[in-house]
Amino acid sequence: MQKDEVAPQLDALHNCPPHGLSAHQLAELKDRLDLAKARRIASMLPLGIRESAVVVQESSTAAEGTSVLSDLPSSVYLNQEASKHGSLVLGVSAPGGQAMSLLDAVVGKLAPGRMLMSARCKLWWMTPEWRSSTLQIPPETQFLLVELGPPGAGPYALILPLIDGDFRGTLRSPARPHNSPEGSLTLRVESGDNRVVAEKWDSVLHVSAGWDPYLLVEQGVQAAARLSGGAAPRATKLLPPSIDVFGWCTWDAFYSTVSAKGIQEGLSSLSSGGVTPGLLIIDDGWQSTDVDPPFQKGALSPTKLAQLLHLPESEQALLRKTEEDFYSESMEVLAEYAAKLPPGSSASSSMPVLSNLGPKGARQQQQQHQVSLQGTPADQDQQVQPEEQLMQKRELVQLLLDHQRERLRLLLNPEPASPQQDDSNTSSTSSTLAPAPQASREEDVLLVARLGQKVAGWLVGLGTAAFLIFYQWVVEPSPPGSLPNRFFEAIANGILRPTMLSFFAEVSDFTRRLTSVRANSKFCSPSAGPDAVMPSRMQDVVAHLREKFGLRYIYCWHGLPAYWAGVMPDAPEVAHHAASIVYARPTPGVLEIEPSMAWNPAVLAGVGVLSDPAAVYHEMHTYLRDSGVDGVKVDCQAGVGLVGSAMGGGPALSREFHAALEDSIARNFQDNHAINCMCHSTENMYRMAGTSIARASDDFYPRDYASSHPHVAACAFNTLFMSALVHPDWDMFHSKHPAARLHAMARAVSGAAVYVSDKPGQHDFELLRSLVLADGSTLRCVLPGRPTRDVVFSDVLRDGNTMLKIWNTNVGSGPQPSSWQRQPAAARPQPGEEVSPLSPALAELEKLGRGACISGVVSGVVGCFHVQGSSWDRSRRKFWTHDPKPKPLTTQVRPCDVEVLQDIPGVLPSTNFVAYRHNTCSLSVVPYGGAVEVQLDPNMSDIITFTPMLKIGDLDFAPVGLARMLNSGGALRYLRASPPPSPSSSPEATPSSFAAAATATVNAITPTQLSTLPIEHRKGGPDSTVAPALATTTGADQDSSSVGVASTSAVGDNGDGGGGVAAGPSNSIYIGASRLGEGSSPNGVTGLDSLGSGGRNAEGSTGFEGPRVLLGVRGSGMLLMYSSKRPSRVKVQGLPLRFTWEPGTRRLMVDVPQTETLLAELCLEY
């Protein structure tokens, strides 16, 4: 009963029907649309207030009179004007008419039932929570869905706190849960700024109810956004085409040490395995930034003092070298400890480069900070030194360093080297530089001084590590408001503040501010590394990367405040923006969920806030656009709400910044290329007026294994909330990781972009090729992936019994993926328009255009994931493994789990489905209510694809898809048949026959059969390309008359009962095309004209009178289908193909070659 909002208006359908539909098909489509709309209206339950209670009223269903919220206090009142379409909007007044900046008010008693909520777990992110009592609702809850009836039966109620002007609402448990009655629902309303007060709030709580939880959430969240911030429904927004290509993000590979050289290494590494990214996201690290002058390396240092005193250059050099030794030694000691910190802890998160990259990251960060100290020349057209000269200088510097290192070794260990030492171990320096002369007294003093600085640096690093140990074990786990917590807050904002700021300046980027909108020197040339010092030439770097690696889209990262700590007020290139330092003060709710915000860098160092954010966004985006960049990833968005505490409150400041950001993106980047990130406050989500992509969860943390399972669950359940307004992005992952396959399958059913952040050389290419086609595109489901109805209210992380199931659907859209999304703006619903949330699959059919077909282009997908065992622990404030050995789980997967399937034209309650299990390669025939049983061990996953079985004359037929791709059905682009298809079902659709069909599992494809496919197709490498009119053979050339199809005795009737591998060398499935038949067409059979009964076939004869199917497939490899009859002939692009058909199982397999366009058109003749 899913009625997703992806649907144009019915009037548009009647005025401009899809191409290629017969009158009968068009009438059926319109009837189904009308039925879906009527069902949508009926599923919503009208609410009213009766006897101080919110109840269901005037309903013809059994839900009439059901109470949603009772015992409403006198301070809660109805906003009649804002209440529409059966939902209610409630207002709250402060006690005694007192003006307040923060109010906690009990708004009533919530009806009992299982609850799903989304609540912030950090300033930036939210996680799903499952509860059965309002006394357990966590702080900062922004979404609450309640099951009012028996499990799985409904109805459901939705409670959404709103933004009312400059005040934001959230839900929480009562202040004194032990003294509060069960069901008490507490609403917090706050401005975030003590100076911004009010006496009442007219629109602060949305309440609605209905039978369909997906429709209820969709309609309710859209209504909440209209009232709270103006975010438009997802249906009105343009999805950027980058969502359909495979991507690589630089973050986990390099963190902020990313450089042009590192990007080339990462892209080359992926391309070497035949997996070519089409999207590059250059994450944090490309911008020109610096810390405040007092904390810059060299500020008020001995080196600086020596310069001010005009000491001789030799003495300045001595101080400079010893200072660098001190800094590098202390950072390497700290990095060694940071790498051992628990991943995900606040201490580890405060220094991501050191904790994730260790001493290597410390060295890269040191080089990077030295470069930023030297500065980047303002003249962008300055001549860059030839690459050969740069390499020579680097080599000379390295030789000198090696020479000094050898002198230090001789000083500390004057014993001569052993004469038996292998000459091969001798330093290459000896062949370039003369042996070091006897060190002079001055040189000895220098070496001793440098050694002393190293020892001092080591001690300082050790002391810092000891301090972090104290913080990790004493401060971090302490509850909010506890003595250790309050003590550390006091000293961090007092006597430790300079030390804390110095620490943040040295080990992190969180106190750095933007000094220029242009790239830093690490992007001065395509081969520039962290130590580059030349002026940036971002345009040259982007052009080189695009040309060399065939990139289609390139995004760059920046923060909503421009950078983590905003804009540097006195930096020459951004001084005209008149930034001012503002010191944040976290709200009480934020401090409850993340106490470390009290000593966050934004609190201690402040944020350089712009008087006009639109100006710097436009300047930065114009620079990126002119450099060839296609879009932006905008991070740290919730931090602006934090700064709002000193600027009129978070809701007010976020409104200003988001309006400026949305306008600049629309003006500078075509096709809506933008990703919103770290944005899980309603201050952010409800402001996304035009941008259509937003991250669904906290980061994928490759070192924090306890976070792998909660990440997938958070993506799925947060998507239920967010997908009404945006298309959720499920973040990158690592292809070489203990949970890589689970995450890959999650991305396959997510409907989101697929991208990784692999380090160079660390890839699982076999896994990546199950997601990515040869041209870098992906087979993406068309909807946001959401949990199935039977698990919505079950704790898939902690209850030890429930498997996570995520449903989605595939809708073929012709040769170009997602071409329907890039329609003219006038054809899309405009912001503010009422959007009819019809079945998404029907909506996709309306947009398909040429090559569409009513039947056979839709398949359902259900992903199953065993993610029990770890979760976000709100008391520990980190990901926690609470069950290291969860038991195996079993679940039932049904076609009806895919909410859209019942609304597909031609699909009836009696329709049978072909179910394909990816892990076992098995096929099952099940009715709509039939089940496939899936059993999984911990950290395992599986994907089941359901395809409606079609009746084409006397043929039962169902295309499944490319067997090796995780989203197999996504490869099916279109299907046409003659005679027209109809639903295939049993005449007697009785429960007993359904049960029998549900257990009729046919044999699995054996590994031997999979291994017989040509090696180039198994690898999916670049050598497997086949021109549209030519094919590759295996074995000797064959005459077209003998290779079109094997004889009856060879296929399905060869006497061994095995059915059907066509005769050929080594039983491999191959194409024979050495000589085409006289009458064959290089372009193959196209269009319905060639499919009509009695029409001419490719050989020019009229000998085939049976059913014919024309199937468009995107990709290559083994195509799996269910066919009740053996086809007489199978062709691709007009060329005859070998195929395998098993009479006992009705399994039909064809090895589809890789064409130049990746779109193969198969014609099956019976």
# chains A, B, ... in the order shown; residues from 1 in each chain; ligands from 1
call {"tool": "residues_around", "arguments": {"residues": "Pro884 in chain A", "least_positions_apart": "3", "cutoff": "9 Å", "atoms": "only C-alpha atoms", "output": "PyMOL selection string"}}
result
chain A and resi 869-870+881
call {"tool": "residues_around", "arguments": {"residues": "range 466-481 of chain A", "least_positions_apart": "4", "cutoff": "6 Å", "atoms": "only C-alpha atoms", "output": "ChimeraX atom specification"}}
result
/A:485,592,595,876
call {"tool": "closest_residue", "arguments": {"among": "A:Leu653, A:Ala605, A:Met1121, A:Val934", "to": "Gly863 in chain A", "atoms": "only C-alpha atoms"}}
result
A:Val934
call {"tool": "select_by_dssp", "arguments": {"residues": "range 590-794 of chain A", "states": "alpha helix (DSSP H)", "output": "PyMOL selection string"}}
result
chain A and resi 590-593+601-604+613-626+638-643+650-668+682-685+708-722+740-750+765-769
call {"tool": "atom_distance", "arguments": {"atom1": "CA of Ile282 in chain A", "atom2": "CA of Ser256 in chain A"}}
result
9.8 Å
call {"tool": "atom_distance", "arguments": {"atom1": "CA of Phe487 in chain A", "atom2": "CA of Gly566 in chain A"}}
result
28.5 Å
call {"tool": "closest_residue", "arguments": {"among": "A:Pro1143, A:Gly589, A:Gly97, A:Gly644", "to": "Arg120 in chain A", "atoms": "only C-alpha atoms"}}
result
A:Gly589
call {"tool": "closest_residue", "arguments": {"among": "A:His727, A:His711, A:Arg1126, A:Arg234", "to": "Gln868 in chain A", "atoms": "only C-alpha atoms"}}
result
A:His711
call {"tool": "select_by_dssp", "arguments": {"residues": "range 623-658 of chain A", "states": "strand (DSSP E or B)", "output": "PyMOL selection string"}}
result
chain A and resi 631-635
call {"tool": "write_last_selection", "arguments": {"atoms": "N, CA and C atoms", "output": "PDB file, in the first residue's frame"}}
result
ATOM      1  N   GLY A 631      29.974  20.115  -8.354  1.00  0.00           N
ATOM      2  CA  GLY A 631      29.072  20.240  -7.217  1.00  0.00           C
ATOM      3  C   GLY A 631      29.829  20.269  -5.910  1.00  0.00           C
ATOM      4  N   VAL A 632      29.080  20.298  -4.820  1.00  0.00           N
ATOM      5  CA  VAL A 632      29.692  20.426  -3.496  1.00  0.00           C
ATOM      6  C   VAL A 632      29.053  19.448  -2.518  1.00  0.00           C
ATOM      7  N   LYS A 633      29.857  19.033  -1.547  1.00  0.00           N
ATOM      8  CA  LYS A 633      29.383  18.316  -0.367  1.00  0.00           C
ATOM      9  C   LYS A 633      29.507  19.301   0.798  1.00  0.00           C
ATOM     10  N   VAL A 634      28.386  19.670   1.394  1.00  0.00           N
ATOM     11  CA  VAL A 634      28.370  20.724   2.410  1.00  0.00           C
ATOM     12  C   VAL A 634      28.220  20.067   3.783  1.00  0.00           C
ATOM     13  N   ASP A 635      29.268  20.183   4.579  1.00  0.00           N
ATOM     14  CA  ASP A 635      29.387  19.446   5.833  1.00  0.00           C
ATOM     15  C   ASP A 635      29.141  20.357   7.039  1.00  0.00           C
TER      16      ASP A 635
END
call {"tool": "closest_residue", "arguments": {"among": "A:His882, A:Arg585, A:His734, A:Lys261", "to": "Asp799 in chain A", "atoms": "only C-alpha atoms"}}
result
A:His882
call {"tool": "residues_around", "arguments": {"residues": "Val574 in chain A", "least_positions_apart": "6", "cutoff": "8 Å", "atoms": "only C-alpha atoms", "output": "list in words"}}
result
Leu514, Thr515, Ser516, Val517, Val567 and Met568 of chain A
call {"tool": "write_last_selection", "arguments": {"atoms": "C-alpha atoms", "output": "mmCIF file, in the first residue's frame"}}
result
data_model
loop_
_atom_site.group_PDB
_atom_site.id
_atom_site.type_symbol
_atom_site.label_atom_id
_atom_site.label_comp_id
_atom_site.auth_asym_id
_atom_site.auth_seq_id
_atom_site.Cartn_x
_atom_site.Cartn_y
_atom_site.Cartn_z
ATOM 1 C CA LEU A 514 39.173 29.791 5.792
ATOM 2 C CA THR A 515 41.799 32.210 4.474
ATOM 3 C CA SER A 516 40.931 32.063 0.771
ATOM 4 C CA VAL A 517 38.207 30.533 -1.389
ATOM 5 C CA VAL A 567 36.321 32.448 8.099
ATOM 6 C CA MET A 568 39.516 34.180 9.269
#
call {"tool": "residues_around", "arguments": {"residues": "range 736-739 of chain A", "least_positions_apart": "3", "cutoff": "8 Å", "atoms": "only C-alpha atoms", "output": "compact mmCIF listing (two decimals) with N, CA and C atoms, in the first residue's frame"}}
result
# COMPACT_ATOMS: atom_id res chain seq x y z
N PRO A 702 35.87 2.95 9.42
CA PRO A 702 36.52 1.68 9.07
C PRO A 702 37.22 1.00 10.23
N SER A 708 29.76 -0.76 12.38
CA SER A 708 29.38 -1.24 11.04
C SER A 708 27.91 -1.60 10.94
N LEU A 742 28.34 -6.97 3.58
CA LEU A 742 27.09 -6.52 4.16
C LEU A 742 26.79 -5.09 3.72
N HIS A 743 27.81 -4.23 3.75
CA HIS A 743 27.60 -2.84 3.34
C HIS A 743 27.34 -2.73 1.84
N ASP A 758 38.11 3.71 -0.35
CA ASP A 758 39.24 2.79 -0.22
C ASP A 758 40.57 3.53 -0.29
N GLN A 762 43.95 -1.04 -1.72
CA GLN A 762 43.16 -1.85 -0.78
C GLN A 762 41.73 -1.96 -1.28
N HIS A 763 41.51 -2.88 -2.22
CA HIS A 763 40.20 -3.01 -2.86
C HIS A 763 39.82 -4.48 -2.99
N ASP A 764 38.54 -4.74 -2.96
CA ASP A 764 38.00 -6.05 -3.33
C ASP A 764 37.28 -5.85 -4.65
N ASN A 939 26.61 -10.89 10.88
CA ASN A 939 27.38 -10.09 9.91
C ASN A 939 27.19 -10.58 8.48
call {"tool": "atom_distance", "arguments": {"atom1": "CA of Gly262 in chain A", "atom2": "CA of Pro530 in chain A"}}
result
8.8 Å
call {"tool": "residues_around", "arguments": {"residues": "range 657-659 of chain A", "least_positions_apart": "4", "cutoff": "12 Å", "atoms": "only C-alpha atoms", "output": "JSON, numbers by chain"}}
result
{"A": [229, 230, 231, 559, 560, 561, 562, 609, 610, 611, 612, 613, 614, 615, 616, 617, 634, 637, 638, 639, 640, 641, 643, 644, 650, 651, 652, 653, 663, 664, 665, 666, 676, 679, 683, 684, 685, 686, 687, 688, 689, 690, 691]}
